[in-house]
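Text of coords_9.txt (compact mmCIF, C-alpha atoms and all ligand atoms) as supplied:
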```
# COMPACT_ATOMS: atom_id res chain seq x y z
CA MET A 1246 85.67 104.98 134.17
CA ARG A 1247 88.00 107.22 132.17
CA TYR A 1248 87.30 107.88 128.50
CA ALA A 1249 88.94 109.82 125.66
CA LYS A 1250 87.20 112.42 123.52
CA ILE A 1251 88.26 114.43 120.46
CA THR A 1252 88.30 118.06 121.61
CA GLY A 1253 89.84 119.71 118.54
CA THR A 1254 90.76 119.06 114.91
CA GLY A 1255 93.22 120.74 112.57
CA GLY A 1256 94.69 120.37 109.12
CA TYR A 1257 97.35 121.84 106.88
CA LEU A 1258 98.02 121.50 103.16
CA PRO A 1259 101.08 122.94 101.42
CA PRO A 1260 99.97 125.86 99.21
CA ARG A 1261 101.13 124.49 95.83
CA ILE A 1262 98.25 122.76 94.02
CA VAL A 1263 99.01 120.48 91.07
CA SER A 1264 95.98 119.68 88.91
CA ASN A 1265 95.69 116.47 86.90
CA ASP A 1266 96.17 118.49 83.70
CA GLU A 1267 99.36 120.09 85.04
CA LEU A 1268 100.70 116.70 86.15
CA ALA A 1269 99.82 115.11 82.79
CA ALA A 1270 101.59 117.95 80.91
CA ASP A 1271 104.68 117.55 83.10
CA MET A 1272 104.75 113.76 82.60
CA ALA A 1273 104.30 114.22 78.84
CA THR A 1274 107.63 116.09 78.77
CA ARG A 1275 109.20 112.77 79.91
CA GLY A 1276 107.25 110.75 77.35
CA ILE A 1277 104.77 109.32 79.90
CA GLU A 1278 101.12 109.35 78.92
CA THR A 1279 98.33 110.08 81.38
CA SER A 1280 95.31 112.36 81.43
CA ASP A 1281 92.81 114.11 83.67
CA ALA A 1282 90.11 111.83 82.20
CA TRP A 1283 92.02 108.62 83.17
CA ILE A 1284 92.89 109.79 86.68
CA THR A 1285 89.44 111.19 87.47
CA SER A 1286 87.48 108.22 86.15
CA ARG A 1287 89.67 105.56 87.84
CA THR A 1288 90.27 107.34 91.17
CA GLY A 1289 88.12 110.47 91.66
CA ILE A 1290 91.29 112.53 92.18
CA ARG A 1291 91.36 115.97 90.47
CA GLN A 1292 94.33 117.64 92.14
CA ARG A 1293 96.88 117.24 94.93
CA HIS A 1294 98.94 119.57 97.14
CA ILE A 1295 102.71 119.17 96.82
CA ALA A 1296 105.25 120.45 99.35
CA ASP A 1297 108.01 122.67 98.01
CA PRO A 1298 111.54 121.26 98.12
CA GLY A 1299 112.91 121.40 101.67
CA VAL A 1300 109.48 121.44 103.33
CA THR A 1301 109.38 118.41 105.61
CA THR A 1302 106.76 116.31 107.36
CA SER A 1303 107.45 117.89 110.76
CA THR A 1304 106.69 121.34 109.32
CA LEU A 1305 103.30 120.23 107.96
CA ALA A 1306 102.61 118.33 111.20
CA THR A 1307 103.38 121.38 113.34
CA HIS A 1308 100.95 123.58 111.35
CA ALA A 1309 98.19 120.95 111.73
CA ALA A 1310 98.96 120.53 115.45
CA ARG A 1311 98.69 124.28 116.07
CA ALA A 1312 95.34 124.38 114.22
CA ALA A 1313 94.01 121.48 116.35
CA LEU A 1314 95.20 123.13 119.58
CA ASP A 1315 93.47 126.39 118.55
CA ASN A 1316 90.29 124.50 117.74
CA ALA A 1317 90.39 122.78 121.17
CA GLY A 1318 91.14 126.08 122.93
CA MET A 1319 94.33 124.61 124.38
CA SER A 1320 97.97 125.50 124.47
CA ALA A 1321 100.89 123.18 123.73
CA THR A 1322 101.79 123.13 127.43
CA ASP A 1323 98.54 121.21 128.11
CA ILE A 1324 99.76 118.28 125.94
CA ASP A 1325 101.44 115.29 127.61
CA LEU A 1326 101.53 112.89 124.65
CA ILE A 1327 102.40 113.49 120.98
CA ILE A 1328 101.98 110.72 118.41
CA VAL A 1329 102.85 111.33 114.76
CA ALA A 1330 101.76 108.76 112.19
CA THR A 1331 104.02 108.96 109.15
CA SER A 1332 105.92 106.87 106.62
CA THR A 1333 107.88 109.89 105.44
CA PRO A 1334 109.68 111.08 108.60
CA ASP A 1335 112.17 113.95 108.37
CA PHE A 1336 114.97 111.71 109.64
CA ILE A 1337 115.81 108.10 110.45
CA PHE A 1338 115.82 109.50 113.97
CA PRO A 1339 114.83 111.44 116.04
CA SER A 1340 111.14 110.81 115.52
CA THR A 1341 108.99 113.41 113.78
CA ALA A 1342 106.95 113.63 117.02
CA CYS A 1343 110.04 114.90 118.87
CA LEU A 1344 110.61 117.53 116.15
CA VAL A 1345 106.98 118.65 116.45
CA GLN A 1346 107.32 118.86 120.23
CA ALA A 1347 110.38 121.11 119.84
CA ASN A 1348 108.58 123.25 117.20
CA LEU A 1349 105.70 123.73 119.63
CA GLY A 1350 108.20 124.95 122.21
CA VAL A 1351 107.39 122.40 124.90
CA ALA A 1352 109.24 119.53 126.60
CA GLY A 1353 108.15 116.63 128.78
CA GLY A 1354 105.48 114.01 128.06
CA ALA A 1355 105.94 111.17 125.61
CA ALA A 1356 106.54 111.81 121.89
CA PHE A 1357 106.90 109.04 119.32
CA ASP A 1358 106.03 108.03 115.76
CA VAL A 1359 103.73 105.28 114.55
CA GLN A 1360 104.50 103.50 111.27
CA ALA A 1361 101.43 101.88 109.78
CA VAL A 1362 101.42 103.72 106.43
CA CYS A 1363 97.89 104.82 105.44
CA SER A 1364 96.43 103.20 108.60
CA GLY A 1365 98.86 105.18 110.75
CA PHE A 1366 96.45 107.80 112.07
CA VAL A 1367 93.91 105.19 113.14
CA TYR A 1368 96.71 103.19 114.82
CA GLY A 1369 97.93 106.38 116.55
CA LEU A 1370 94.46 107.38 117.73
CA ALA A 1371 93.79 103.91 119.18
CA THR A 1372 97.17 104.08 120.97
CA ALA A 1373 96.43 107.52 122.44
CA ASP A 1374 92.99 106.29 123.55
CA ALA A 1375 94.67 103.40 125.42
CA PHE A 1376 97.16 105.79 127.09
CA ILE A 1377 94.33 108.07 128.24
CA GLN A 1378 92.09 105.22 129.44
CA ALA A 1379 95.02 103.81 131.43
CA GLY A 1380 95.62 107.19 133.09
CA ARG A 1381 99.03 107.60 131.43
CA ALA A 1382 98.12 110.79 129.51
CA ARG A 1383 95.49 113.54 129.81
CA HIS A 1384 95.70 115.50 126.55
CA ALA A 1385 97.22 113.91 123.45
CA LEU A 1386 98.04 115.35 120.05
CA VAL A 1387 97.57 112.68 117.38
CA ILE A 1388 98.87 113.77 113.99
CA GLY A 1389 98.99 112.14 110.57
CA ALA A 1390 101.53 113.87 108.31
CA GLU A 1391 103.25 112.99 105.07
CA VAL A 1392 105.45 114.33 102.30
CA PHE A 1393 104.69 111.38 100.03
CA SER A 1394 105.89 113.32 96.98
CA GLY A 1395 109.42 112.46 98.13
CA ILE A 1396 108.96 108.67 97.83
CA LEU A 1397 107.07 108.62 94.53
CA ASP A 1398 108.60 107.48 91.28
CA TRP A 1399 107.38 110.33 89.07
CA ASN A 1400 108.00 108.12 86.03
CA ASP A 1401 105.56 105.45 87.28
CA ARG A 1402 102.09 106.56 86.17
CA ARG A 1403 100.46 103.66 88.08
CA THR A 1404 101.38 105.26 91.42
CA CYS A 1405 102.53 108.89 91.16
CA VAL A 1406 99.14 110.28 90.12
CA LEU A 1407 97.48 108.94 93.29
CA PHE A 1408 99.20 110.77 96.14
CA GLY A 1409 99.62 114.21 97.70
CA ASP A 1410 101.21 115.88 100.74
CA GLY A 1411 99.52 117.19 103.89
CA ALA A 1412 98.87 116.85 107.61
CA GLY A 1413 95.87 116.47 109.88
CA ALA A 1414 95.66 116.40 113.66
CA VAL A 1415 93.31 115.94 116.60
CA VAL A 1416 93.54 116.74 120.29
CA LEU A 1417 92.30 113.73 122.28
CA SER A 1418 91.48 114.52 125.91
CA ALA A 1419 90.46 112.58 129.02
CA ALA A 1420 86.69 112.82 129.57
CA ASP A 1421 83.93 111.42 131.79
CA GLU A 1422 81.94 110.19 128.80
CA PRO A 1423 83.07 108.40 125.61
CA GLY A 1424 84.53 109.65 123.03
CA ILE A 1425 86.17 106.73 121.44
CA LEU A 1426 83.56 103.94 121.64
CA SER A 1427 85.54 101.09 120.10
CA ALA A 1428 88.66 100.45 118.05
CA LYS A 1429 89.94 97.47 116.05
CA LEU A 1430 93.40 97.35 114.51
CA ASP A 1431 94.64 94.57 112.22
CA ALA A 1432 97.64 93.66 110.09
CA ASP A 1433 98.63 90.89 107.70
CA GLY A 1434 102.38 91.06 107.16
CA SER A 1435 102.24 88.25 104.60
CA GLN A 1436 100.78 90.84 102.16
CA MET A 1437 103.73 93.23 102.50
CA ASN A 1438 104.64 93.09 98.80
CA ILE A 1439 101.39 94.51 97.43
CA LEU A 1440 102.24 98.00 98.74
CA CYS A 1441 105.75 98.88 99.88
CA ALA A 1442 108.74 101.19 99.64
CA ALA A 1443 111.38 98.55 100.19
CA GLY A 1444 114.51 100.70 100.42
CA ASN A 1445 116.93 101.33 103.26
CA VAL A 1446 120.06 103.29 104.11
CA VAL A 1447 123.11 101.13 104.78
CA ARG A 1448 126.54 102.65 105.39
CA GLY A 1449 125.36 105.93 103.93
CA GLN A 1450 123.98 104.40 100.72
CA VAL A 1451 120.40 103.77 99.69
CA THR A 1452 119.92 100.04 99.17
CA GLY A 1453 116.88 98.41 97.58
CA ASP A 1454 114.12 100.44 95.96
CA PRO A 1455 113.29 103.68 97.82
CA PHE A 1456 110.12 104.36 95.83
CA LEU A 1457 106.56 103.33 96.56
CA ARG A 1458 105.41 100.28 94.55
CA MET A 1459 101.89 98.92 94.45
CA ASP A 1460 99.77 96.13 93.03
CA GLY A 1461 96.67 98.32 92.65
CA GLN A 1462 94.16 95.56 92.04
CA ALA A 1463 95.32 93.46 95.01
CA VAL A 1464 95.18 96.55 97.25
CA PHE A 1465 91.68 97.33 95.97
CA LYS A 1466 90.33 93.84 96.81
CA LEU A 1467 91.96 93.60 100.24
CA ALA A 1468 90.92 97.13 101.23
CA VAL A 1469 87.24 96.49 100.41
CA GLN A 1470 87.15 93.13 102.24
CA ALA A 1471 89.12 94.26 105.29
CA LEU A 1472 87.30 97.55 105.86
CA THR A 1473 83.83 96.09 105.43
CA ARG A 1474 84.58 93.39 108.04
CA SER A 1475 86.31 95.87 110.34
CA ALA A 1476 83.30 98.27 110.28
CA HIS A 1477 81.02 95.47 111.48
CA GLU A 1478 83.51 94.48 114.20
CA VAL A 1479 83.74 97.97 115.79
CA CYS A 1480 79.97 98.45 115.59
CA ASP A 1481 79.35 95.06 117.25
CA GLU A 1482 81.87 95.89 119.99
CA ALA A 1483 80.18 99.24 120.69
CA GLY A 1484 76.67 97.76 120.48
CA VAL A 1485 75.54 100.09 117.67
CA SER A 1486 74.18 99.25 114.24
CA ILE A 1487 75.74 100.44 111.00
CA ASP A 1488 72.68 102.57 110.24
CA GLN A 1489 73.30 104.60 113.41
CA ILE A 1490 76.56 105.91 111.94
CA ASP A 1491 76.21 109.59 111.00
CA TRP A 1492 79.53 109.97 109.15
CA MET A 1493 81.99 107.65 107.55
CA VAL A 1494 85.48 109.21 107.43
CA PRO A 1495 87.54 106.68 105.46
CA HIS A 1496 91.13 106.69 104.25
CA GLN A 1497 91.00 108.65 101.00
CA ALA A 1498 92.61 106.17 98.58
CA ASN A 1499 90.19 105.94 95.70
CA ILE A 1500 86.53 106.93 95.21
CA ARG A 1501 85.73 103.51 93.81
CA ILE A 1502 86.98 101.79 97.01
CA LEU A 1503 84.96 104.23 99.15
CA ASN A 1504 81.77 103.73 97.14
CA PHE A 1505 82.20 99.94 97.16
CA ILE A 1506 82.51 99.86 100.96
CA GLY A 1507 79.64 102.35 101.37
CA ARG A 1508 77.37 100.15 99.25
CA ARG A 1509 78.38 96.96 101.10
CA LEU A 1510 77.56 98.64 104.41
CA HIS A 1511 74.32 100.12 102.97
CA LEU A 1512 75.48 103.60 103.99
CA PRO A 1513 73.91 106.45 102.01
CA GLU A 1514 76.46 108.33 99.88
CA GLU A 1515 75.81 111.62 101.71
CA LYS A 1516 77.24 110.10 104.93
CA LEU A 1517 80.61 109.60 103.23
CA VAL A 1518 83.20 112.35 103.79
CA VAL A 1519 85.22 112.67 100.57
CA THR A 1520 88.27 114.91 100.19
CA LEU A 1521 90.35 112.88 97.73
CA ASP A 1522 89.16 114.96 94.78
CA LYS A 1523 91.07 117.93 96.25
CA HIS A 1524 93.76 116.28 98.44
CA ALA A 1525 94.43 112.98 96.60
CA ASN A 1526 95.76 110.21 98.87
CA THR A 1527 97.80 111.79 101.68
CA SER A 1528 98.40 108.42 103.40
CA ALA A 1529 98.43 108.82 107.21
CA ALA A 1530 97.16 112.41 106.89
CA SER A 1531 94.04 111.58 104.92
CA VAL A 1532 91.67 110.57 107.74
CA PRO A 1533 92.44 113.50 110.11
CA LEU A 1534 92.36 115.94 107.17
CA ALA A 1535 88.93 114.66 106.09
CA LEU A 1536 87.70 114.75 109.69
CA ASP A 1537 88.91 118.34 110.05
CA VAL A 1538 87.26 119.46 106.79
CA ALA A 1539 83.86 118.00 107.77
CA HIS A 1540 84.17 119.25 111.36
CA ARG A 1541 85.01 122.81 110.30
CA ASP A 1542 82.37 123.07 107.59
CA GLY A 1543 79.75 122.11 110.18
CA ARG A 1544 78.77 118.70 108.82
CA ILE A 1545 80.19 116.74 111.78
CA LYS A 1546 78.67 118.14 114.99
CA ALA A 1547 79.04 117.40 118.69
CA GLY A 1548 77.23 114.15 119.51
CA ASP A 1549 77.49 112.71 115.97
CA LEU A 1550 78.72 109.14 115.53
CA ALA A 1551 81.67 108.88 113.12
CA LEU A 1552 83.39 105.79 111.77
CA LEU A 1553 87.09 106.46 111.01
CA GLN A 1554 88.83 103.86 108.81
CA GLY A 1555 92.42 103.43 107.68
CA VAL A 1556 94.00 100.89 105.33
CA GLY A 1557 97.47 100.69 103.86
CA GLY A 1558 100.86 99.09 103.49
CA GLY A 1559 101.89 96.35 105.83
CA PHE A 1560 99.20 95.26 105.04
CA THR A 1561 97.40 97.16 107.82
CA TRP A 1562 93.88 98.32 108.49
CA GLY A 1563 91.72 99.57 111.35
CA SER A 1564 88.45 101.18 112.37
CA ILE A 1565 87.51 103.51 115.21
CA LEU A 1566 84.00 104.47 116.23
CA VAL A 1567 83.88 107.98 117.71
CA ARG A 1568 81.16 109.97 119.44
CA MET A 1569 82.17 113.55 118.60
N1 LIG B 1601 97.31 107.11 83.24
C1 LIG B 1601 96.98 106.42 82.15
N2 LIG B 1601 97.02 105.07 82.10
C2 LIG B 1601 97.37 104.42 83.22
C3 LIG B 1601 97.72 105.09 84.41
C4 LIG B 1601 97.67 106.49 84.38
N3 LIG B 1601 97.98 107.24 85.48
N4 LIG B 1601 98.04 104.17 85.35
C5 LIG B 1601 97.90 102.97 84.79
N5 LIG B 1601 97.49 103.11 83.51
C6 LIG B 1601 97.26 102.08 82.51
C7 LIG B 1601 98.08 100.85 82.80
O1 LIG B 1601 99.38 100.97 82.27
C8 LIG B 1601 97.27 99.80 82.08
O2 LIG B 1601 97.56 99.84 80.72
P1 LIG B 1601 98.04 98.52 79.97
O3 LIG B 1601 96.87 97.59 80.11
O4 LIG B 1601 98.30 99.03 78.60
O5 LIG B 1601 99.25 98.06 80.73
C9 LIG B 1601 95.83 100.27 82.27
O6 LIG B 1601 95.90 101.65 82.61
C10 LIG B 1601 95.12 99.54 83.35
O7 LIG B 1601 95.97 99.48 84.49
P2 LIG B 1601 95.49 98.87 85.84
O8 LIG B 1601 96.59 98.94 86.86
O9 LIG B 1601 94.88 97.53 85.57
O10 LIG B 1601 94.35 99.90 86.22
P3 LIG B 1601 93.21 99.75 87.24
O11 LIG B 1601 91.90 99.82 86.59
O12 LIG B 1601 93.43 98.62 88.20
O13 LIG B 1601 93.35 101.10 88.05
C11 LIG B 1601 94.19 101.83 90.15
C12 LIG B 1601 94.55 101.37 88.76
C13 LIG B 1601 93.44 103.14 90.07
C14 LIG B 1601 95.47 102.06 90.97
C15 LIG B 1601 93.30 100.74 90.79
O14 LIG B 1601 93.94 99.49 90.74
C16 LIG B 1601 92.95 101.03 92.19
O15 LIG B 1601 92.11 101.84 92.45
N6 LIG B 1601 93.56 100.32 93.14
C17 LIG B 1601 93.39 100.59 94.53
C18 LIG B 1601 94.68 100.97 95.05
C19 LIG B 1601 94.74 102.37 95.56
O16 LIG B 1601 93.82 103.15 95.55
N7 LIG B 1601 95.89 102.65 96.07
C20 LIG B 1601 96.15 103.87 96.69
C21 LIG B 1601 97.28 103.71 97.61
S1 LIG B 1601 97.10 102.37 98.65
C22 LIG B 1601 96.24 102.85 99.91
O17 LIG B 1601 96.14 104.00 100.18
C23 LIG B 1601 95.61 101.82 100.75
```
Any chance you could put this one into structure tokens?
Ligand code: ACO
Amino acid sequence: MRYAKITGTGGYLPPRIVSNDELAADMATRGIETSDAWITSRTGIRQRHIADPGVTTSTLATHAARAALDNAGMSATDIDLIIVATSTPDFIFPSTACLVQANLGVAGGAAFDVQAVCSGFVYGLATADAFIQAGRARHALVIGAEVFSGILDWNDRRTCVLFGDGAGAVVLSAADEPGILSAKLDADGSQMNILCAAGNVVRGQVTGDPFLRMDGQAVFKLAVQALTRSAHEVCDEAGVSIDQIDWMVPHQANIRILNFIGRRLHLPEEKLVVTLDKHANTSAASVPLALDVAHRDGRIKAGDLALLQGVGGGFTWGSILVRM
């Protein structure tokens, strides 16, 4: 039996940090009221990293990929599959994965993007796992990367305070022992309107609304329900109980969602990896960034059982149970 194991993690955040106070002061100049107190109490977010103008998703993704390769002790020539999860690609085409491949100075092996918004990394990791189990790849780079600042309406205080830019990556390699124990991906396209950026380019013109729009309360309810159910499903499939989980590495949307799910699963708070206070919601990048932070600071160790969870527009969600 062939399995897939995470052999390296990496992350990259653009250097510019924007605190809640700085954002509130900037919005005040446009007559929009918000505050550090509102943002922190409703979301847990204290700051976000914002890419400078001209810095694209492929640039952030390439930095994170290099860090993951270093961590795995591998070179880019070892990689035969690159998957980038993003909703903010550099171009309509080619894919961001192809741009990353070129930046890494290699050619050959498959490279493609996955579009599942904030669930994108979990979708990408499950896809790479299937490629490796089927013998179609040996070493995969799975990257979540976003420049969400480019699709935010900075005059909409209900959404723009929530997000940040960044990239996270893992190297997933063929192994004799698991690795990825179980994965469950889901979508409900009938809920597309609660979280979307419903714009397009037609004949050189933007049509529709290119900015992210969200019904926050609907997203909150669906996220809690879907991720609680999904956690039980992957644990049942792998034959482990929830209390055997060492680390929960969830999509970093909102501290209240994370705490709600943690309580429903009876997981102690200290098992929850939280980065949203510093990173805000980096969409597809949030899970691999959180995994990288907890891996590098020594919390997540070899042999630990981690539950990775994504949820986002589509509506999409998914869980992966990983033996590190
Ligand atoms: N600053 C100050 N006031 C604000 C802000 C802000 N940034 N944003 C909204 N408000 C105001 C609203 O205008 C409203 O005022 P009104 O009653 O005078 O109109 C009031 O606060 C309450 O607004 P609600 O939208 O009802 O606020 P709520 O308590 O639901 O909190 C939030 C909003 C934080 C988005 C919440 O709904 C939530 O956590 N939803 C989960 C969605 C989420 O986390 N999405 C992240 C992206 S999706 C994903 O990653 C899966």
Practice problem: Neighbourhood query: residues within 12 Å of (95.5, 123.0, 123.6), file coordinates, counting only C-alpha atoms; return as JSON, numbers by chain. | Solution: {"A": [1251, 1252, 1253, 1254, 1255, 1310, 1311, 1312, 1313, 1314, 1315, 1316, 1317, 1318, 1319, 1320, 1321, 1322, 1323, 1324, 1325, 1326, 1349, 1351, 1383, 1384, 1385, 1386, 1414, 1415, 1416, 1417, 1418]}
Quiz prompt | Pairwise distance for CA of Ala1390 (chain A) and CA of Gln1360 (chain A), rounded to one decimal in Å | solution =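 Distance reported for this atom pair: 11.2 Å.
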Quiz item: Expressed in Å to a single decimal, how great is the separation between CA of Ala1476 (chain A) and atom S1 of ligand LIG 1601 (chain B)?
Solution: 18.5 Å
Quiz item: List as a VMD selection string: which residues have an atom within 7 Å of (83.7, 96.4, 101.6), counting only C-alpha atoms?
Solution: chain A and resid 1469 to 1473 1505 to 1506 1509
Would you mind exporting the chosen residues as a short mmCIF file (atom, residue, chain, number, x, y, z; two decimals), keeping the file's coordinate frame, restricted to C-alpha atoms?
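Below you can see out_32.cif, which holds the result:
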```cif
data_model
loop_
_atom_site.label_atom_id
_atom_site.label_comp_id
_atom_site.auth_asym_id
_atom_site.auth_seq_id
_atom_site.Cartn_x
_atom_site.Cartn_y
_atom_site.Cartn_z
CA VAL A 1469 87.24 96.49 100.41
CA GLN A 1470 87.15 93.13 102.24
CA ALA A 1471 89.12 94.26 105.29
CA LEU A 1472 87.30 97.55 105.86
CA THR A 1473 83.83 96.09 105.43
CA PHE A 1505 82.20 99.94 97.16
CA ILE A 1506 82.51 99.86 100.96
CA ARG A 1509 78.38 96.96 101.10
#
```
Quiz item: Taking all atoms listed in the file into account, which of A:Thr1301, A:Asn1504, A:Gln1489, A:Gln1378 comes nearest Asp1549 (chain A)?
Solution: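 Selected residue with least distance to Asp1549 (chain A): A:Gln1489.
Minimum atom-to-atom distances from A:Trp1492, A:Phe1338, A:Trp1562, A:Trp1283 to ligand LIG 1601 (chain B) were compared using all atoms listed in the file, and the lowest value belongs to A:Trp1283.
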Quiz item: When distances are computed from only C-alpha atoms, which of A:Gln1554, A:Thr1561, A:Ser1303, A:Gln1462 shows the smallest separation from Arg1287 (chain A)?
Solution: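 When distances to Arg1287 (chain A) are compared using only C-alpha atoms, the smallest one comes from A:Gln1462.
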Can you list, as a tab-separated table (two decimals) with C-alpha atoms, in the frame of the given file, every protein, DNA or RNA residue that comes within 7 Å of Val1362 (chain A) when you count only C-alpha atoms, leaving out same-chain residues fewer than 5 positions away?
```tsv
chain	number	residue	atom	x	y	z
A	1331	THR	CA	104.02	108.96	109.15
A	1332	SER	CA	105.92	106.87	106.62
A	1528	SER	CA	98.40	108.42	103.40
A	1529	ALA	CA	98.43	108.82	107.21
A	1557	GLY	CA	97.47	100.69	103.86
A	1558	GLY	CA	100.86	99.09	103.49
```
Complete the atoms of region 1522-1538 of chain A to N, CA and C atoms and put them out as a PDB file, in the frame of the given file.
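Printed below is result23.pdb as written:
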```
ATOM      1  N   ASP A1522      89.183 114.183  96.019  1.00  0.00           N
ATOM      2  CA  ASP A1522      89.160 114.960  94.780  1.00  0.00           C
ATOM      3  C   ASP A1522      90.122 116.147  94.887  1.00  0.00           C
ATOM      4  N   LYS A1523      90.217 116.745  96.069  1.00  0.00           N
ATOM      5  CA  LYS A1523      91.070 117.930  96.250  1.00  0.00           C
ATOM      6  C   LYS A1523      92.433 117.608  96.852  1.00  0.00           C
ATOM      7  N   HIS A1524      92.501 116.573  97.721  1.00  0.00           N
ATOM      8  CA  HIS A1524      93.760 116.280  98.440  1.00  0.00           C
ATOM      9  C   HIS A1524      94.530 115.125  97.831  1.00  0.00           C
ATOM     10  N   ALA A1525      93.896 114.288  97.008  1.00  0.00           N
ATOM     11  CA  ALA A1525      94.430 112.980  96.600  1.00  0.00           C
ATOM     12  C   ALA A1525      94.657 112.130  97.846  1.00  0.00           C
ATOM     13  N   ASN A1526      95.503 111.111  97.741  1.00  0.00           N
ATOM     14  CA  ASN A1526      95.760 110.210  98.870  1.00  0.00           C
ATOM     15  C   ASN A1526      96.959 110.752  99.647  1.00  0.00           C
ATOM     16  N   THR A1527      96.702 111.250 100.866  1.00  0.00           N
ATOM     17  CA  THR A1527      97.800 111.790 101.680  1.00  0.00           C
ATOM     18  C   THR A1527      98.224 110.793 102.761  1.00  0.00           C
ATOM     19  N   SER A1528      97.986 109.517 102.503  1.00  0.00           N
ATOM     20  CA  SER A1528      98.400 108.420 103.400  1.00  0.00           C
ATOM     21  C   SER A1528      97.936 108.686 104.832  1.00  0.00           C
ATOM     22  N   ALA A1529      98.844 108.707 105.807  1.00  0.00           N
ATOM     23  CA  ALA A1529      98.430 108.820 107.210  1.00  0.00           C
ATOM     24  C   ALA A1529      97.687 110.120 107.511  1.00  0.00           C
ATOM     25  N   ALA A1530      97.824 111.125 106.643  1.00  0.00           N
ATOM     26  CA  ALA A1530      97.160 112.410 106.890  1.00  0.00           C
ATOM     27  C   ALA A1530      95.716 112.424 106.415  1.00  0.00           C
ATOM     28  N   SER A1531      95.314 111.434 105.622  1.00  0.00           N
ATOM     29  CA  SER A1531      94.040 111.580 104.920  1.00  0.00           C
ATOM     30  C   SER A1531      92.828 111.542 105.845  1.00  0.00           C
ATOM     31  N   VAL A1532      92.833 110.663 106.843  1.00  0.00           N
ATOM     32  CA  VAL A1532      91.670 110.570 107.740  1.00  0.00           C
ATOM     33  C   VAL A1532      91.538 111.824 108.615  1.00  0.00           C
ATOM     34  N   PRO A1533      92.614 112.283 109.299  1.00  0.00           N
ATOM     35  CA  PRO A1533      92.440 113.500 110.110  1.00  0.00           C
ATOM     36  C   PRO A1533      92.162 114.742 109.275  1.00  0.00           C
ATOM     37  N   LEU A1534      92.687 114.800 108.040  1.00  0.00           N
ATOM     38  CA  LEU A1534      92.360 115.940 107.170  1.00  0.00           C
ATOM     39  C   LEU A1534      90.878 115.930 106.802  1.00  0.00           C
ATOM     40  N   ALA A1535      90.357 114.759 106.457  1.00  0.00           N
ATOM     41  CA  ALA A1535      88.930 114.660 106.090  1.00  0.00           C
ATOM     42  C   ALA A1535      88.051 114.977 107.297  1.00  0.00           C
ATOM     43  N   LEU A1536      88.458 114.470 108.464  1.00  0.00           N
ATOM     44  CA  LEU A1536      87.700 114.750 109.690  1.00  0.00           C
ATOM     45  C   LEU A1536      87.680 116.254 109.956  1.00  0.00           C
ATOM     46  N   ASP A1537      88.816 116.898 109.785  1.00  0.00           N
ATOM     47  CA  ASP A1537      88.910 118.340 110.050  1.00  0.00           C
ATOM     48  C   ASP A1537      88.035 119.131 109.072  1.00  0.00           C
ATOM     49  N   VAL A1538      88.064 118.746 107.795  1.00  0.00           N
ATOM     50  CA  VAL A1538      87.260 119.460 106.790  1.00  0.00           C
ATOM     51  C   VAL A1538      85.773 119.387 107.166  1.00  0.00           C
TER      52      VAL A1538
END
```
